[in-house]
Structures are given as structure tokens and as C-alpha cells.
>>> print(open('query_5.cif').read())   # mmCIF, C-alpha atoms
data_target
loop_
_atom_site.label_atom_id
_atom_site.label_comp_id
_atom_site.auth_asym_id
_atom_site.auth_seq_id
_atom_site.Cartn_x
_atom_site.Cartn_y
_atom_site.Cartn_z
CA MET A 24 -70.52 -170.88 109.44
CA VAL A 25 -68.32 -172.12 107.35
CA GLU A 26 -66.88 -173.03 104.34
CA SER A 27 -64.30 -170.98 106.21
CA ASP A 28 -64.45 -169.21 109.55
CA THR A 29 -61.71 -166.85 108.35
CA PHE A 30 -63.88 -165.51 105.55
CA SER A 31 -65.98 -162.62 106.76
CA ALA A 32 -67.44 -159.23 106.05
CA HIS A 33 -64.91 -156.56 105.13
CA PRO A 34 -65.44 -153.09 106.57
CA ASN A 35 -63.92 -151.09 103.71
CA GLN A 36 -65.62 -149.94 100.57
CA PRO A 37 -63.22 -148.79 97.84
CA PRO A 38 -63.70 -145.56 95.96
CA SER A 39 -63.19 -147.08 92.50
CA MET A 40 -64.59 -149.92 90.41
CA GLU A 41 -68.11 -148.53 90.85
CA TYR A 42 -69.75 -150.81 88.31
CA SER A 43 -67.47 -153.83 88.45
CA PRO A 44 -68.84 -156.98 90.14
CA ASP A 45 -65.38 -157.97 91.39
CA PRO A 46 -64.23 -157.12 94.92
CA PRO A 47 -61.13 -154.86 94.94
CA PHE A 48 -58.72 -157.42 96.41
CA GLN A 49 -55.53 -155.78 95.13
CA GLU A 50 -56.56 -152.32 96.26
CA ILE A 51 -57.67 -153.20 99.78
CA TYR A 52 -54.95 -155.79 100.42
CA LYS A 53 -52.19 -153.78 98.72
CA THR A 54 -49.78 -154.14 101.63
CA LEU A 55 -50.06 -157.94 101.48
CA PHE A 56 -49.36 -157.97 97.75
CA ASP A 57 -46.46 -155.54 98.13
CA SER A 58 -44.82 -157.92 100.58
CA SER A 59 -45.80 -161.06 98.68
CA ILE A 60 -42.22 -161.88 97.78
CA ASP A 61 -41.70 -162.83 101.41
CA VAL A 62 -44.86 -164.87 101.81
CA MET A 63 -45.02 -166.98 98.67
CA LEU A 64 -46.73 -170.30 99.25
CA ASN A 65 -44.35 -173.13 99.99
CA ASP A 66 -43.76 -175.52 97.11
CA ASP A 67 -45.35 -178.38 99.04
CA GLU A 68 -48.54 -176.34 99.42
CA LEU A 69 -48.85 -176.06 95.64
CA VAL A 70 -48.07 -179.64 94.61
CA ILE A 71 -51.14 -181.66 93.75
CA VAL A 72 -50.60 -185.40 93.80
CA GLU A 73 -53.53 -186.21 91.52
CA GLU A 74 -57.05 -185.36 90.53
CA CYS A 75 -59.45 -188.04 91.70
CA GLU A 76 -63.07 -188.81 92.39
CA VAL A 77 -63.92 -189.12 96.06
CA PRO A 78 -66.20 -192.09 96.90
CA LEU A 79 -69.36 -191.96 94.78
CA ILE A 80 -72.55 -193.33 96.35
CA ASP A 81 -75.85 -193.95 94.58
CA LEU A 82 -78.57 -193.06 97.08
CA SER A 83 -81.29 -194.72 95.01
CA ARG A 84 -80.11 -197.94 96.68
CA LEU A 85 -81.68 -196.70 99.92
CA ASN A 86 -85.02 -197.50 98.26
CA GLY A 87 -83.99 -201.07 97.40
CA GLY A 88 -84.10 -204.30 99.36
CA GLU A 89 -82.70 -204.63 102.85
CA LEU A 90 -79.27 -205.90 101.76
CA GLU A 91 -78.92 -203.11 99.20
CA ARG A 92 -80.00 -200.46 101.72
CA GLU A 93 -77.54 -201.68 104.35
CA GLU A 94 -74.67 -201.82 101.88
CA CYS A 95 -75.39 -198.22 100.83
CA LYS A 96 -75.43 -197.08 104.47
CA ARG A 97 -72.20 -198.96 105.13
CA GLU A 98 -70.52 -197.15 102.22
CA ILE A 99 -71.68 -193.77 103.56
CA ALA A 100 -70.20 -194.51 106.99
CA LYS A 101 -66.97 -195.93 105.52
CA ALA A 102 -66.40 -192.86 103.33
CA SER A 103 -67.09 -190.59 106.31
CA GLN A 104 -64.46 -192.42 108.35
CA GLU A 105 -61.76 -192.82 105.70
CA TRP A 106 -62.23 -189.68 103.60
CA GLY A 107 -64.50 -187.27 105.48
CA PHE A 108 -65.86 -186.53 101.99
CA PHE A 109 -68.08 -188.39 99.55
CA GLN A 110 -70.29 -187.68 96.54
CA VAL A 111 -73.92 -188.70 96.11
CA VAL A 112 -76.00 -189.21 92.97
CA ASN A 113 -79.74 -189.85 92.71
CA HIS A 114 -79.92 -187.64 95.78
CA GLY A 115 -83.46 -186.34 95.29
CA ILE A 116 -82.62 -182.75 94.30
CA SER A 117 -83.72 -182.26 90.71
CA ARG A 118 -81.41 -180.97 88.00
CA GLU A 119 -83.95 -178.21 87.40
CA ILE A 120 -83.60 -176.89 90.97
CA LEU A 121 -79.80 -177.04 90.81
CA GLU A 122 -79.63 -175.27 87.44
CA ARG A 123 -82.11 -172.59 88.53
CA MET A 124 -80.10 -172.06 91.73
CA ARG A 125 -76.93 -171.59 89.69
CA ARG A 126 -78.59 -169.09 87.32
CA GLU A 127 -79.96 -167.01 90.21
CA GLN A 128 -76.60 -167.13 91.94
CA VAL A 129 -74.74 -165.90 88.84
CA LYS A 130 -77.23 -163.04 88.43
CA LEU A 131 -76.78 -162.04 92.05
CA PHE A 132 -72.99 -161.97 91.91
CA LYS A 133 -72.98 -160.00 88.64
CA LYS A 134 -74.41 -157.01 90.49
CA PRO A 135 -71.90 -154.17 90.96
CA PHE A 136 -69.68 -154.60 94.00
CA HIS A 137 -70.99 -151.43 95.68
CA GLU A 138 -74.55 -152.79 95.51
CA LYS A 139 -73.55 -156.09 97.07
CA ILE A 140 -71.51 -154.59 99.89
CA ASN A 141 -74.31 -152.15 100.74
CA ASP A 142 -76.95 -154.91 100.63
CA MET A 143 -78.89 -152.91 98.05
CA HIS A 144 -82.13 -154.51 96.77
CA LEU A 145 -81.55 -157.59 98.96
CA SER A 146 -83.56 -158.83 101.93
CA PHE A 147 -80.69 -160.67 103.64
CA SER A 148 -79.43 -159.85 107.12
CA ALA A 149 -76.83 -157.11 107.39
CA GLY A 150 -73.35 -158.55 106.86
CA SER A 151 -74.53 -161.49 104.76
CA TYR A 152 -72.26 -160.40 101.91
CA ARG A 153 -68.63 -161.28 102.63
CA TRP A 154 -65.40 -161.10 100.69
CA GLY A 155 -61.68 -161.50 101.30
CA THR A 156 -60.21 -162.08 104.75
CA PRO A 157 -60.05 -158.96 106.96
CA SER A 158 -57.85 -160.77 109.51
CA ALA A 159 -55.23 -161.77 106.91
CA THR A 160 -51.65 -160.78 107.75
CA CYS A 161 -50.10 -162.49 104.70
CA LEU A 162 -51.22 -163.69 101.28
CA ARG A 163 -51.61 -167.30 102.34
CA GLN A 164 -54.34 -166.18 104.78
CA LEU A 165 -56.27 -164.31 102.09
CA SER A 166 -59.29 -165.92 100.43
CA TRP A 167 -59.84 -164.64 96.87
CA SER A 168 -63.60 -165.09 96.91
CA GLU A 169 -66.92 -163.52 97.75
CA ALA A 170 -70.04 -165.04 99.26
CA PHE A 171 -73.55 -164.50 100.53
CA HIS A 172 -73.81 -166.36 103.85
CA VAL A 173 -77.55 -166.51 104.51
CA PRO A 174 -79.45 -167.90 107.52
CA LEU A 175 -82.39 -169.99 106.34
CA THR A 176 -84.65 -167.70 108.39
CA ASP A 177 -83.72 -164.87 105.99
CA ILE A 178 -85.09 -166.92 103.12
CA SER A 179 -88.29 -168.24 104.70
CA GLY A 180 -88.99 -164.94 106.40
CA SER A 181 -88.51 -162.84 103.28
CA GLY A 182 -91.54 -160.66 102.69
CA ALA A 183 -90.83 -160.15 99.00
CA LEU A 184 -91.10 -163.40 97.07
CA THR A 185 -88.46 -162.88 94.40
CA SER A 186 -87.17 -165.40 91.90
CA LEU A 187 -83.98 -165.61 93.99
CA SER A 188 -85.69 -166.15 97.34
CA SER A 189 -88.15 -168.75 96.01
CA THR A 190 -85.30 -170.66 94.33
CA MET A 191 -83.18 -170.52 97.48
CA GLN A 192 -86.14 -171.73 99.53
CA GLN A 193 -86.73 -174.70 97.24
CA PHE A 194 -83.01 -175.57 97.18
CA ALA A 195 -82.64 -175.27 100.96
CA THR A 196 -85.75 -177.35 101.70
CA THR A 197 -84.70 -180.28 99.52
CA VAL A 198 -81.05 -180.20 100.61
CA SER A 199 -82.09 -179.95 104.27
CA ASP A 200 -84.07 -183.18 103.93
CA LEU A 201 -81.02 -184.88 102.43
CA ALA A 202 -78.77 -183.62 105.25
CA GLN A 203 -81.13 -184.99 107.90
CA LYS A 204 -81.32 -188.35 106.13
CA LEU A 205 -77.52 -188.65 105.93
CA ALA A 206 -77.04 -187.58 109.57
CA GLU A 207 -79.57 -190.19 110.67
CA ILE A 208 -77.74 -192.90 108.70
CA LEU A 209 -74.36 -191.91 110.16
CA ALA A 210 -75.80 -192.02 113.68
CA GLU A 211 -77.46 -195.36 113.00
CA LYS A 212 -74.20 -196.92 111.76
CA MET A 213 -72.69 -196.03 115.14
CA GLY A 214 -75.50 -197.87 116.88
CA HIS A 215 -77.57 -194.77 117.71
CA LYS A 216 -81.16 -194.39 116.55
CA SER A 217 -80.71 -190.73 117.32
CA THR A 218 -83.28 -187.95 117.07
CA PHE A 219 -80.56 -185.50 118.10
CA PHE A 220 -80.21 -183.93 114.64
CA LYS A 221 -83.93 -183.46 114.02
CA GLU A 222 -84.32 -181.91 117.45
CA ASN A 223 -81.30 -179.60 117.33
CA CYS A 224 -80.56 -178.83 113.66
CA LEU A 225 -83.66 -176.89 112.69
CA PRO A 226 -84.30 -174.63 109.69
CA ASN A 227 -83.74 -171.57 111.87
CA THR A 228 -80.22 -172.73 112.84
CA CYS A 229 -78.90 -173.79 109.40
CA TYR A 230 -77.29 -171.71 106.66
CA LEU A 231 -77.00 -171.45 102.92
CA ARG A 232 -73.87 -170.00 101.37
CA MET A 233 -73.45 -168.93 97.76
CA ASN A 234 -69.82 -168.61 96.69
CA ARG A 235 -68.06 -166.97 93.76
CA TYR A 236 -64.34 -167.24 93.06
CA PRO A 237 -63.36 -164.50 90.57
CA PRO A 238 -60.46 -165.03 88.17
CA CYS A 239 -57.21 -164.35 90.01
CA PRO A 240 -54.21 -162.87 88.14
CA ILE A 241 -51.79 -164.34 90.69
CA SER A 242 -53.47 -167.71 91.11
CA SER A 243 -50.25 -169.42 92.16
CA GLU A 244 -49.96 -167.21 95.24
CA VAL A 245 -53.49 -166.90 96.63
CA PHE A 246 -56.15 -169.41 97.67
CA GLY A 247 -59.79 -169.01 96.69
CA LEU A 248 -60.52 -170.34 100.16
CA MET A 249 -57.68 -171.05 102.53
CA PRO A 250 -57.31 -174.51 104.13
CA HIS A 251 -59.93 -175.12 106.82
CA THR A 252 -62.41 -177.54 108.28
CA ASP A 253 -66.14 -176.80 108.57
CA SER A 254 -67.65 -175.84 111.94
CA ASP A 255 -70.92 -177.73 111.47
CA PHE A 256 -72.24 -181.31 111.40
CA LEU A 257 -72.52 -181.79 107.64
CA THR A 258 -71.93 -179.66 104.56
CA ILE A 259 -73.65 -180.36 101.23
CA LEU A 260 -72.01 -178.65 98.26
CA HIS A 261 -73.13 -178.14 94.69
CA GLN A 262 -70.23 -176.93 92.54
CA ASP A 263 -69.79 -176.11 88.86
CA GLN A 264 -67.55 -177.89 86.37
CA ILE A 265 -64.52 -175.61 86.82
CA GLY A 266 -62.93 -177.50 89.70
CA GLY A 267 -60.64 -176.12 92.38
CA LEU A 268 -61.81 -177.97 95.49
CA GLN A 269 -58.98 -179.91 97.14
CA LEU A 270 -58.81 -182.02 100.29
CA VAL A 271 -56.25 -183.81 102.42
CA LYS A 272 -56.10 -187.61 102.11
CA ASP A 273 -53.33 -189.64 103.76
CA GLY A 274 -51.38 -186.46 104.47
CA LYS A 275 -51.42 -185.22 100.86
CA TRP A 276 -53.52 -182.68 98.99
CA ILE A 277 -55.64 -184.10 96.18
CA ALA A 278 -57.93 -182.33 93.71
CA VAL A 279 -61.58 -183.35 93.58
CA LYS A 280 -62.70 -184.08 90.03
CA PRO A 281 -65.97 -182.23 89.29
CA ASN A 282 -69.03 -184.41 88.67
CA GLN A 283 -72.07 -182.52 87.39
CA GLU A 284 -74.46 -185.27 88.48
CA ALA A 285 -73.23 -185.36 92.08
CA LEU A 286 -73.47 -183.36 95.28
CA ILE A 287 -70.43 -183.33 97.56
CA ILE A 288 -70.91 -184.17 101.24
CA ASN A 289 -68.32 -183.50 103.91
CA ILE A 290 -68.19 -184.16 107.63
CA GLY A 291 -67.87 -181.11 109.88
CA ASP A 292 -66.09 -180.62 113.20
CA LEU A 293 -69.25 -181.15 115.25
CA PHE A 294 -69.87 -184.59 113.76
CA GLN A 295 -66.26 -185.56 114.41
CA ALA A 296 -66.69 -184.57 118.06
CA TRP A 297 -70.13 -186.20 118.37
CA SER A 298 -68.80 -189.45 116.88
CA ASN A 299 -65.74 -189.34 119.16
CA GLY A 300 -63.42 -189.10 116.19
CA ILE A 301 -64.94 -191.98 114.20
CA TYR A 302 -66.05 -189.69 111.37
CA SER A 303 -63.44 -187.28 110.02
CA SER A 304 -63.65 -183.54 109.48
CA VAL A 305 -60.77 -183.05 107.05
CA GLN A 306 -58.90 -180.01 105.83
CA HIS A 307 -59.99 -178.71 102.45
CA ARG A 308 -59.39 -175.60 100.37
CA VAL A 309 -60.20 -173.99 97.03
CA VAL A 310 -57.48 -172.91 94.61
CA THR A 311 -57.95 -169.97 92.27
CA ASN A 312 -58.07 -169.95 88.50
CA LYS A 313 -56.33 -167.28 86.44
CA LEU A 314 -58.84 -167.31 83.59
CA VAL A 315 -62.32 -168.31 84.74
CA GLU A 316 -64.65 -167.74 87.66
CA ARG A 317 -66.05 -170.57 89.78
CA PHE A 318 -69.41 -170.88 91.55
CA SER A 319 -70.67 -173.15 94.31
CA ALA A 320 -73.54 -173.30 96.77
CA ALA A 321 -73.24 -174.93 100.20
CA TYR A 322 -75.76 -175.95 102.84
CA PHE A 323 -74.53 -176.16 106.45
CA LEU A 324 -76.29 -178.44 108.94
CA CYS A 325 -75.86 -176.54 112.20
CA PRO A 326 -77.43 -176.70 115.67
CA SER A 327 -78.58 -173.79 117.80
CA TYR A 328 -75.82 -171.93 119.64
CA ASP A 329 -77.00 -173.39 122.97
CA THR A 330 -76.77 -177.00 121.78
CA VAL A 331 -74.25 -179.02 123.78
CA ILE A 332 -71.97 -181.25 121.71
CA GLN A 333 -71.05 -184.43 123.57
CA SER A 334 -69.37 -187.54 122.20
CA CYS A 335 -71.81 -190.45 121.91
CA ILE A 336 -69.06 -192.92 122.89
CA GLU A 337 -67.19 -193.18 126.18
CA PRO A 338 -64.47 -192.54 127.09
CA SER A 339 -64.69 -189.32 125.15
CA ILE A 340 -61.62 -187.74 123.56
CA TYR A 341 -63.36 -184.35 123.51
CA ARG A 342 -64.84 -182.41 126.40
CA ARG A 343 -68.43 -181.23 126.29
CA PHE A 344 -68.91 -177.84 124.70
CA SER A 345 -71.73 -175.71 123.36
CA PHE A 346 -71.82 -174.64 119.74
CA ARG A 347 -71.62 -171.04 120.94
CA GLU A 348 -68.43 -171.81 122.86
CA TYR A 349 -66.94 -173.50 119.82
CA ARG A 350 -67.75 -170.60 117.51
CA GLN A 351 -66.35 -168.07 119.97
CA GLN A 352 -63.10 -170.02 120.29
CA VAL A 353 -62.75 -170.27 116.51
CA GLN A 354 -63.32 -166.54 116.08
CA GLU A 355 -60.86 -165.75 118.86
CA ASP A 356 -58.19 -167.94 117.24
CA VAL A 357 -58.74 -166.40 113.82
CA LYS A 358 -58.41 -162.92 115.29
CA LYS A 359 -55.22 -163.75 117.22
CA LEU A 360 -53.54 -166.26 114.92
CA GLY A 361 -55.00 -165.56 111.50
CA TYR A 362 -56.36 -169.11 111.19
CA LYS A 363 -58.71 -171.56 112.86
CA THR A 364 -57.43 -174.14 115.36
CA GLY A 365 -60.72 -175.98 115.84
CA LEU A 366 -61.23 -179.28 117.65
CA PRO A 367 -57.72 -179.66 119.12
CA ARG A 368 -58.76 -176.88 121.54
CA PHE A 369 -61.43 -179.19 122.97
CA LEU A 370 -59.48 -182.40 123.54
CA VAL A 371 -59.85 -183.85 127.04
#
>>> encode(input="query_5.cif", output="C-alpha cells")
Amino acid sequence: MVESDTFSAHPNQPPSMEYSPDPPFQEIYKTLFDSSIDVMLNDDELVIVEECEVPLIDLSRLNGGELEREECKREIAKASQEWGFFQVVNHGISREILERMRREQVKLFKKPFHEKINDMHLSFSAGSYRWGTPSATCLRQLSWSEAFHVPLTDISGSGALTSLSSTMQQFATTVSDLAQKLAEILAEKMGHKSTFFKENCLPNTCYLRMNRYPPCPISSEVFGLMPHTDSDFLTILHQDQIGGLQLVKDGKWIAVKPNQEALIINIGDLFQAWSNGIYSSVQHRVVTNKLVERFSAAYFLCPSYDTVIQSCIEPSIYRRFSFREYRQQVQEDVKKLGYKTGLPRFLV
């Protein structure tokens, strides 16, 4: 599920770099680097118009008087329509939880690569550790990053209560509550007092993803995460101060200025379809840094695979589809084309 559907488990384990934490991008993707002179990123893909702060919303206003509450909800809906992204402060997740999550994440990623790829000493499902882009046919399709993509059931069902699992559980529980609250507000602002999200987006259908973007010696040529939209309802992201997240606004790429007090929220494809295009799932990407590594943790609000996504407004611009059908189409496109097509496949 996605920060990116193109980012998945790689089948190869390299013979070298036994104790290094970094995935062997240049060894495994040697043919792509050898032909990189022909696939350099276009100049317009590298130009950043500006660094800016996406809309910043103080959620403490939801506890205020009626006028203050309604104004806060209106801002959430407006940002979801116009940007597809917004930041929230006073969100209810303590700094202590966020800092502990970051420390545990750093410790996990510092393990040698061979331990991570073989799931040694970890209780996650097989294939949870992912790096690179196995389907990449050129450098612009390669994601210079690694991640643990973990179903929440792996965390709650873990027999061994480690410092990592207990921290992940606490993080996921608090962020899940926030996701449900925001989804309810977005539904309400469309005139729907909907229980859809509480009924269909359960702990056993949602995911937590821990990301690391290692320093990249050719940062001008390779993305940390290639441009994509998210295949969920909502994503909640906690990132470090390094920066690198960029999104499309008014047809141009802009860089999101890091804010240590804020969580970043973005609308996913399923919410765009459910809202009949009112809320926007926008393209975003992560650029690499030549000198420093970057960390982030994302929570994905997802339904069960059998859940049917249907626009809540008629006439609908999207046909009905199940989440399973959507995921299968995305995976098929990535395999054939090297990238995700997404919602345009489901237009009426």
C-alpha cells in the first residue's frame, strides 16, 4: 500500500556489503546506471518552483466552540480539495511517541542489509522489507529507498513484546484514531454522516510503513520515491527535518517545508473516488540527498480488499470497483508499464 505501488520486495541478495545497512542499489541496478546517460531526468522534472508550507491546521480548534469547530472542519475540507495535502498540529500524538518511534526506526534500519532482507530477528510478515524498484526499466523508475511495510495485524499479533513492536503499536493506535476523525470530518463536509470508514477501515486492513532514504551519490538522477499517488483513503506522515517531499500544485512541483511540530495528511485515490473527485489525490515524490539520510513513518487508512468503492455523489465519474480490483490493476500496470496509472482506469 503505498507510499508507492512501484516500491516492492527485491528478490536478489548481493554477495557483498555483508555488514553495511545500505541496500546495494548500484550493484543490483548496474545496467540502469550504465545506461543512465540516455535516461537522465528531464530538466523540467528537476526544477523546483519554491519551498513552501502546505496548509497548516490547528486541530485543537475542534475542541472549541461551535463556530471555531466548523471553521476548522471547513479548512480541512478546503485543503483536501485545493491541495490534497495539509499539515496538522495539536493532533493528539505526543512528541514522546513520535520521538520514540523515530529512534526505534533508526535502530531497525541500521541493521546490516542481509539481516533486513532475510527478516532476521523480526516478527513481520515475509516480504515486509522492501527496497528499490524491481520493475524499473530506467533510472527515473528507480526508488532509492528502503522500507518496512507492515500490516497492523503483524504489530498487534506479535508474540514477542519488543521495544519496537510496543512503540509501533502505540504510534499506530493514536494515528489510527486521528485518521478516523479526519475521514469522518471530510465525509461530514460533503453532507454525509458516514460510518463507512469505521465499518470498513479496521486495524486489520491498515498499514504502517517505515521509510529510510539513504544518501545517494547521484541525487540529481534518481528519486528517493518516484512520482505517485497513494492507493488508500488517507495517509498520515511523520517526517524528519531533512526535507525531500514534493507535490504537484497548479501543475508545478513544489517542495514541502519540514515542520517538526506537524503531521502531514494527504488524500488517497480511494477518497478521491468516494468523493467523486471533490477531494484530490495528488502526485507526490521524494527527492534524494547526496549527503544525509532521511526517515519517515506513514500510516495508511485502507479498507478490506472486498470493500466496494462507490462515489457518494451521482452522477458518478468513476465506476464501482473493489479495493482488490484496484490493487490488481495497479500492480498489472506497474508490471507492464513500469508505473502506476491509477484512477483514470476507472472513469465511467
>>> resolve_selection(input="query_5.cif", expression="the PyMOL selection byres ((chain A and resi 208) around 12)", output="short mmCIF file (atom, residue, chain, number, x, y, z; two decimals) with C-alpha atoms, in the coordinates of the input")
data_model
loop_
_atom_site.label_atom_id
_atom_site.label_comp_id
_atom_site.auth_asym_id
_atom_site.auth_seq_id
_atom_site.Cartn_x
_atom_site.Cartn_y
_atom_site.Cartn_z
CA LEU A 82 -78.57 -193.06 97.08
CA LEU A 85 -81.68 -196.70 99.92
CA ARG A 92 -80.00 -200.46 101.72
CA GLU A 93 -77.54 -201.68 104.35
CA GLU A 94 -74.67 -201.82 101.88
CA CYS A 95 -75.39 -198.22 100.83
CA LYS A 96 -75.43 -197.08 104.47
CA ARG A 97 -72.20 -198.96 105.13
CA GLU A 98 -70.52 -197.15 102.22
CA ILE A 99 -71.68 -193.77 103.56
CA ALA A 100 -70.20 -194.51 106.99
CA LYS A 101 -66.97 -195.93 105.52
CA SER A 103 -67.09 -190.59 106.31
CA LEU A 201 -81.02 -184.88 102.43
CA ALA A 202 -78.77 -183.62 105.25
CA GLN A 203 -81.13 -184.99 107.90
CA LYS A 204 -81.32 -188.35 106.13
CA LEU A 205 -77.52 -188.65 105.93
CA ALA A 206 -77.04 -187.58 109.57
CA GLU A 207 -79.57 -190.19 110.67
CA LEU A 209 -74.36 -191.91 110.16
CA ALA A 210 -75.80 -192.02 113.68
CA GLU A 211 -77.46 -195.36 113.00
CA LYS A 212 -74.20 -196.92 111.76
CA MET A 213 -72.69 -196.03 115.14
CA GLY A 214 -75.50 -197.87 116.88
CA HIS A 215 -77.57 -194.77 117.71
CA LYS A 216 -81.16 -194.39 116.55
CA SER A 217 -80.71 -190.73 117.32
CA THR A 218 -83.28 -187.95 117.07
CA PHE A 220 -80.21 -183.93 114.64
#
>>> closest_residue(input="query_5.cif", among="A:Phe147, A:Ala320, A:Glu138, A:Leu225", to="Tyr42 of chain A", atoms="all atoms listed in the file")
A:Glu138
>>> closest_residue(input="query_5.cif", among="A:Ile51, A:Leu231, A:Ala170, A:Val111", to="Met191 of chain A", atoms="only C-alpha atoms")
A:Leu231
>>> closest_residue(input="query_5.cif", among="A:Ile288, A:Val129, A:Val353, A:Leu270", to="Glu74 of chain A", atoms="only C-alpha atoms")
A:Leu270
>>> closest_residue(input="query_5.cif", among="A:Phe171, A:Tyr52, A:Phe132, A:Tyr302", to="Ala102 of chain A", atoms="only C-alpha atoms")
A:Tyr302
>>> closest_residue(input="query_5.cif", among="A:Ser243, A:Ser319, A:Ser327, A:Asn234", to="Gly266 of chain A", atoms="all atoms listed in the file")
A:Ser319
>>> residues_around(input="query_5.cif", residues="Thr330 of chain A", least_positions_apart="3", cutoff="9 Å", atoms="only C-alpha atoms", output="ChimeraX atom specification")
/A:223,326-327,344-347
>>> resolve_selection(input="query_5.cif", expression="the PyMOL selection byres ((chain A and resi 325) around 7)", output="number ranges by chain")
A: 224, 228-229, 255-256, 323-324, 326-327
>>> atom_distance(input="query_5.cif", atom1="atom CA of Phe369 of chain A", atom2="atom CA of Ile287 of chain A")
27.3 Å
>>> residues_around(input="query_5.cif", residues="Gly361 of chain A", least_positions_apart="3", cutoff="9 Å", atoms="all atoms listed in the file", output="JSON list (two decimals) with C-alpha atoms, in the coordinates of the input")
[["chain", "number", "residue", "atom", "x", "y", "z"],
["A", 29, "THR", "CA", -61.71, -166.85, 108.35],
["A", 158, "SER", "CA", -57.85, -160.77, 109.51],
["A", 159, "ALA", "CA", -55.23, -161.77, 106.91],
["A", 160, "THR", "CA", -51.65, -160.78, 107.75],
["A", 161, "CYS", "CA", -50.10, -162.49, 104.70],
["A", 164, "GLN", "CA", -54.34, -166.18, 104.78],
["A", 356, "ASP", "CA", -58.19, -167.94, 117.24],
["A", 357, "VAL", "CA", -58.74, -166.40, 113.82],
["A", 358, "LYS", "CA", -58.41, -162.92, 115.29]]
>>> closest_residue(input="query_5.cif", among="A:Gly300, A:Pro250, A:Gly267, A:Pro281", to="Pro338 of chain A", atoms="only C-alpha atoms")
A:Gly300
>>> atom_distance(input="query_5.cif", atom1="atom CA of Lys272 of chain A", atom2="atom CA of Arg163 of chain A")
20.8 Å
>>> resolve_selection(input="query_5.cif", expression="the PyMOL selection byres ((chain A and resi 179) around 12)", output="PDB file with C-alpha atoms, in the frame of the given file")
ATOM      1  CA  SER A 146     -83.560-158.830 101.930  1.00  0.00           C
ATOM      2  CA  PHE A 147     -80.690-160.670 103.640  1.00  0.00           C
ATOM      3  CA  VAL A 173     -77.550-166.510 104.510  1.00  0.00           C
ATOM      4  CA  PRO A 174     -79.450-167.900 107.520  1.00  0.00           C
ATOM      5  CA  LEU A 175     -82.390-169.990 106.340  1.00  0.00           C
ATOM      6  CA  THR A 176     -84.650-167.700 108.390  1.00  0.00           C
ATOM      7  CA  ASP A 177     -83.720-164.870 105.990  1.00  0.00           C
ATOM      8  CA  ILE A 178     -85.090-166.920 103.120  1.00  0.00           C
ATOM      9  CA  GLY A 180     -88.990-164.940 106.400  1.00  0.00           C
ATOM     10  CA  SER A 181     -88.510-162.840 103.280  1.00  0.00           C
ATOM     11  CA  GLY A 182     -91.540-160.660 102.690  1.00  0.00           C
ATOM     12  CA  ALA A 183     -90.830-160.150  99.000  1.00  0.00           C
ATOM     13  CA  LEU A 184     -91.100-163.400  97.070  1.00  0.00           C
ATOM     14  CA  THR A 185     -88.460-162.880  94.400  1.00  0.00           C
ATOM     15  CA  LEU A 187     -83.980-165.610  93.990  1.00  0.00           C
ATOM     16  CA  SER A 188     -85.690-166.150  97.340  1.00  0.00           C
ATOM     17  CA  SER A 189     -88.150-168.750  96.010  1.00  0.00           C
ATOM     18  CA  THR A 190     -85.300-170.660  94.330  1.00  0.00           C
ATOM     19  CA  MET A 191     -83.180-170.520  97.480  1.00  0.00           C
ATOM     20  CA  GLN A 192     -86.140-171.730  99.530  1.00  0.00           C
ATOM     21  CA  GLN A 193     -86.730-174.700  97.240  1.00  0.00           C
ATOM     22  CA  PHE A 194     -83.010-175.570  97.180  1.00  0.00           C
ATOM     23  CA  ALA A 195     -82.640-175.270 100.960  1.00  0.00           C
ATOM     24  CA  THR A 196     -85.750-177.350 101.700  1.00  0.00           C
ATOM     25  CA  PRO A 226     -84.300-174.630 109.690  1.00  0.00           C
ATOM     26  CA  ASN A 227     -83.740-171.570 111.870  1.00  0.00           C
ATOM     27  CA  CYS A 229     -78.900-173.790 109.400  1.00  0.00           C
ATOM     28  CA  TYR A 230     -77.290-171.710 106.660  1.00  0.00           C
ATOM     29  CA  LEU A 231     -77.000-171.450 102.920  1.00  0.00           C
TER      30      LEU A 231
END
>>> atom_distance(input="query_5.cif", atom1="atom CA of Val279 of chain A", atom2="atom CA of Val77 of chain A")
6.7 Å
>>> residues_around(input="query_5.cif", residues="Thr54 of chain A", least_positions_apart="4", cutoff="10 Å", atoms="only C-alpha atoms", output="ChimeraX atom specification")
/A:49-50,58-59,160-162
>>> write_last_selection(input="query_5.cif", atoms="C-alpha atoms", output="PDB file, in the frame of the given file")
ATOM      1  CA  GLN A  49     -55.530-155.780  95.130  1.00  0.00           C
ATOM      2  CA  GLU A  50     -56.560-152.320  96.260  1.00  0.00           C
ATOM      3  CA  SER A  58     -44.820-157.920 100.580  1.00  0.00           C
ATOM      4  CA  SER A  59     -45.800-161.060  98.680  1.00  0.00           C
ATOM      5  CA  THR A 160     -51.650-160.780 107.750  1.00  0.00           C
ATOM      6  CA  CYS A 161     -50.100-162.490 104.700  1.00  0.00           C
ATOM      7  CA  LEU A 162     -51.220-163.690 101.280  1.00  0.00           C
TER       8      LEU A 162
END
>>> residues_near_point(input="query_5.cif", point="(-60.6, -171.2, 103.1)", cutoff="6 Å", atoms="only C-alpha atoms", output="MDAnalysis selection string")
chainID A and resid 27 248:251 308
>>> write_last_selection(input="query_5.cif", atoms="C-alpha atoms", output="PDB file, in the coordinates of the input")
ATOM      1  CA  SER A  27     -64.300-170.980 106.210  1.00  0.00           C
ATOM      2  CA  LEU A 248     -60.520-170.340 100.160  1.00  0.00           C
ATOM      3  CA  MET A 249     -57.680-171.050 102.530  1.00  0.00           C
ATOM      4  CA  PRO A 250     -57.310-174.510 104.130  1.00  0.00           C
ATOM      5  CA  HIS A 251     -59.930-175.120 106.820  1.00  0.00           C
ATOM      6  CA  ARG A 308     -59.390-175.600 100.370  1.00  0.00           C
TER       7      ARG A 308
END
>>> residues_around(input="query_5.cif", residues="Ser83 of chain A", least_positions_apart="3", cutoff="10 Å", atoms="all atoms listed in the file", output="count of residues only")
11
>>> decode(input="query_5.cif", residues="segment 97-104 of chain A", atoms="N, CA and C atoms", output="compact mmCIF listing (two decimals), in the first residue's frame")
# COMPACT_ATOMS: atom_id res chain seq x y z
N ARG A 97 -14.01 23.23 7.99
CA ARG A 97 -14.06 23.83 6.65
C ARG A 97 -12.66 23.93 6.06
N GLU A 98 -11.67 24.28 6.87
CA GLU A 98 -10.29 24.40 6.40
C GLU A 98 -9.74 23.03 5.98
N ILE A 99 -10.10 21.99 6.73
CA ILE A 99 -9.66 20.64 6.39
C ILE A 99 -10.21 20.24 5.02
N ALA A 100 -11.50 20.49 4.80
CA ALA A 100 -12.13 20.13 3.53
C ALA A 100 -11.56 20.97 2.38
N LYS A 101 -11.34 22.26 2.63
CA LYS A 101 -10.81 23.16 1.59
C LYS A 101 -9.41 22.73 1.16
N ALA A 102 -8.56 22.41 2.13
CA ALA A 102 -7.20 21.97 1.81
C ALA A 102 -7.22 20.65 1.04
N SER A 103 -8.16 19.77 1.39
CA SER A 103 -8.26 18.47 0.71
C SER A 103 -8.73 18.62 -0.73
N GLN A 104 -9.51 19.65 -0.98
CA GLN A 104 -9.97 19.93 -2.35
C GLN A 104 -8.88 20.61 -3.17
